[in-house]
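Undergrad: Could you have a look at this structure, given as structure tokens, before my questions?
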Amino acid sequence: MNKDIDQIDIQIQAKKDELEADVSRFIEVCAAFAKEVLESKVRSAIHSQPERVEETGEAGLKKMKEEVEKAHVEMDKFTEDLINRDGLWAHRKGDLNTTGCEFGAYQQYGNRLPDQVEEQVRLLLSPAGRVLIENQFADPKDWENRDGLHRYRYGISWSDEQKAVMKSYGEKFSELWRLLEEKERLIAQKKGDQALDQWDKL
């Protein structure tokens with residue numbers, strides 16, 4: 001019995017390693033996505049508001065462009081800080097068990113990411129919101145203040161890469177959950193056998 005449990009533990013650790021690799025990849029694709037959206041939203045705002053461009057003037061636009069470039073350079077670290085949080089990824093829990101998380105907690109459906117992940121990824125658009133609002137190229141009502149960050153209120157089309165990595169993570173997490181379920185079953189069986197053995201020895 002102990003050998004079976006030890007074997008399950010090895011499989012659990014291997015699955016956690018696979019999940020960790022998916023998290024690292026997800027951080028990479030999220031950073032690329034955020035950089036692309038930053039550039040896209042700023043260019044769209046400039047293109048659609050020529051009057052505001054004229055009001056801002058060359059000096060104002062130059063300052064705004066420097067802010068965009070700075071946000072672009074800092075995006076990798078910003079993404080790391082937002083997405084690489086232990087609380088976001090259940091497989092990192094030290095006392096992980098089947099009652100502490102749902103079987104399909106990380107399933108990715110259609111264009112939606114799992115809720116807890118999607119909320120963090122939405123905040124990746126914060127630098128774009130900050131630059132646009134501060135330079136009066138966006139309506140502040142389109143952005144919700146969330147602990148000093150700007151959360152975009154409306155629908156977002158996540159990249160194919162983001163959805164693919166999240167799908168992979170969700171599938172692996174479900175496999176981890178099944179391994180945890182099997183370990184819990186073996187432990188319960190072992191305890192039952194020990195109790196019965198104690199009874200038989202009386």
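Chain labels A, B, ... are given in the sequence in which chains occur in the structure tokens; within each chain residues are numbered consecutively from 1, and ligands are likewise numbered from 1 in the order shown.
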I'd like the contact shell of Leu179 in chain A - 12 Å cut-off, only C-alpha atoms, skipping same-chain residues fewer than 5 positions apart - returned as a list in words.
TA: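 Here the answer would be Asp4, Ile5, Asp6, Gln7, Ile8, Asp9, Ile10, Gln11, Ile12, Gln13, Ala14, Lys15, Lys16, Leu96, Asn97, Thr98, Phe103, Lys172, Phe173, Ser174, Glu184, Arg185 and Leu186 of chain A.
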Undergrad: Which residues, written as a ChimeraX atom specification, have at least one atom at most 7 Å from range 141-152 of chain A, with only C-alpha atoms counted and residues fewer than 2 positions away on the same chain left out?
TA: /A:122-123,125-126,129-130,139,154
Undergrad: Please produce a file of those selected residues containing N, CA and C atoms, as a PDB file, in the first residue's frame.
TA:
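Okay, out_33.pdb is ready:
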```pdb
ATOM      1  N   ARG A 122      -7.089  40.572 -17.439  1.00  0.00           N
ATOM      2  CA  ARG A 122      -7.717  41.856 -17.786  1.00  0.00           C
ATOM      3  C   ARG A 122      -6.884  43.036 -17.279  1.00  0.00           C
ATOM      4  N   LEU A 123      -6.280  42.850 -16.118  1.00  0.00           N
ATOM      5  CA  LEU A 123      -5.485  43.928 -15.528  1.00  0.00           C
ATOM      6  C   LEU A 123      -4.203  44.203 -16.309  1.00  0.00           C
ATOM      7  N   LEU A 125      -4.118  45.039 -19.211  1.00  0.00           N
ATOM      8  CA  LEU A 125      -4.411  46.179 -20.086  1.00  0.00           C
ATOM      9  C   LEU A 125      -4.289  47.501 -19.342  1.00  0.00           C
ATOM     10  N   SER A 126      -4.009  47.449 -18.048  1.00  0.00           N
ATOM     11  CA  SER A 126      -3.931  48.652 -17.222  1.00  0.00           C
ATOM     12  C   SER A 126      -2.980  49.725 -17.771  1.00  0.00           C
ATOM     13  N   GLY A 129      -4.747  51.613 -20.404  1.00  0.00           N
ATOM     14  CA  GLY A 129      -5.780  52.469 -19.815  1.00  0.00           C
ATOM     15  C   GLY A 129      -5.187  53.710 -19.158  1.00  0.00           C
ATOM     16  N   ARG A 130      -4.106  53.516 -18.427  1.00  0.00           N
ATOM     17  CA  ARG A 130      -3.468  54.646 -17.734  1.00  0.00           C
ATOM     18  C   ARG A 130      -2.992  55.695 -18.729  1.00  0.00           C
ATOM     19  N   ASP A 139     -12.289  57.466 -22.387  1.00  0.00           N
ATOM     20  CA  ASP A 139     -13.295  57.799 -21.390  1.00  0.00           C
ATOM     21  C   ASP A 139     -13.000  56.986 -20.128  1.00  0.00           C
ATOM     22  N   TYR A 154     -15.004  46.077 -20.817  1.00  0.00           N
ATOM     23  CA  TYR A 154     -15.752  45.432 -21.895  1.00  0.00           C
ATOM     24  C   TYR A 154     -15.081  44.143 -22.396  1.00  0.00           C
TER      25      TYR A 154
END
```
Undergrad: Provide the CA of Gln108 in chain A to CA of Lys167 in chain A distance in Å, to one decimal place.
TA: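 Rounded to one decimal, the two atoms are 5.4 Å apart.
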Undergrad: Name the residues of chain A that come out as strand (DSSP E or B) in a backbone DSSP run; write them as number ranges by chain.
TA: A: 109, 112, 143-146, 149-152
Undergrad: Using DSSP on the backbone coordinates, identify the residues of range 26-149 of chain A assigned to alpha helix (DSSP H); present them as a PyMOL selection string.
TA: chain A and resi 26-48+50-83+115-122+126-134
Undergrad: Can you tell me, as a PyMOL selection string, what residues are no more than 10 Å from range 187-196 of chain A when counting only C-alpha atoms, ignoring any on the same chain fewer than 5 positions away?
TA: chain A and resi 1-2+4-5+181-182+201
Undergrad: Of the residues A:Arg25, A:Lys70, A:Arg92, A:Arg52, which is the one nearest to Met166 in chain A, using only C-alpha atoms?
TA: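 Of A:Arg25, A:Lys70, A:Arg92, A:Arg52, the one nearest Met166 in chain A, counting only C-alpha atoms, is A:Arg25.
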Undergrad: Excluding Ser157 in chain A and any residue of its chain fewer than 2 positions from it, enumerate the residues within 7 Å of it, using only C-alpha atoms, and give them as a VMD selection string.
TA: chain A and resid 111 155 159
Undergrad: My list of candidates is A:Leu176, A:Val23, A:Leu124, A:Ala59. Which is closest to Leu38 in chain A when distances are computed with only C-alpha atoms?
TA: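 Of the candidates, the smallest distance to Leu38 in chain A is held by A:Leu124.
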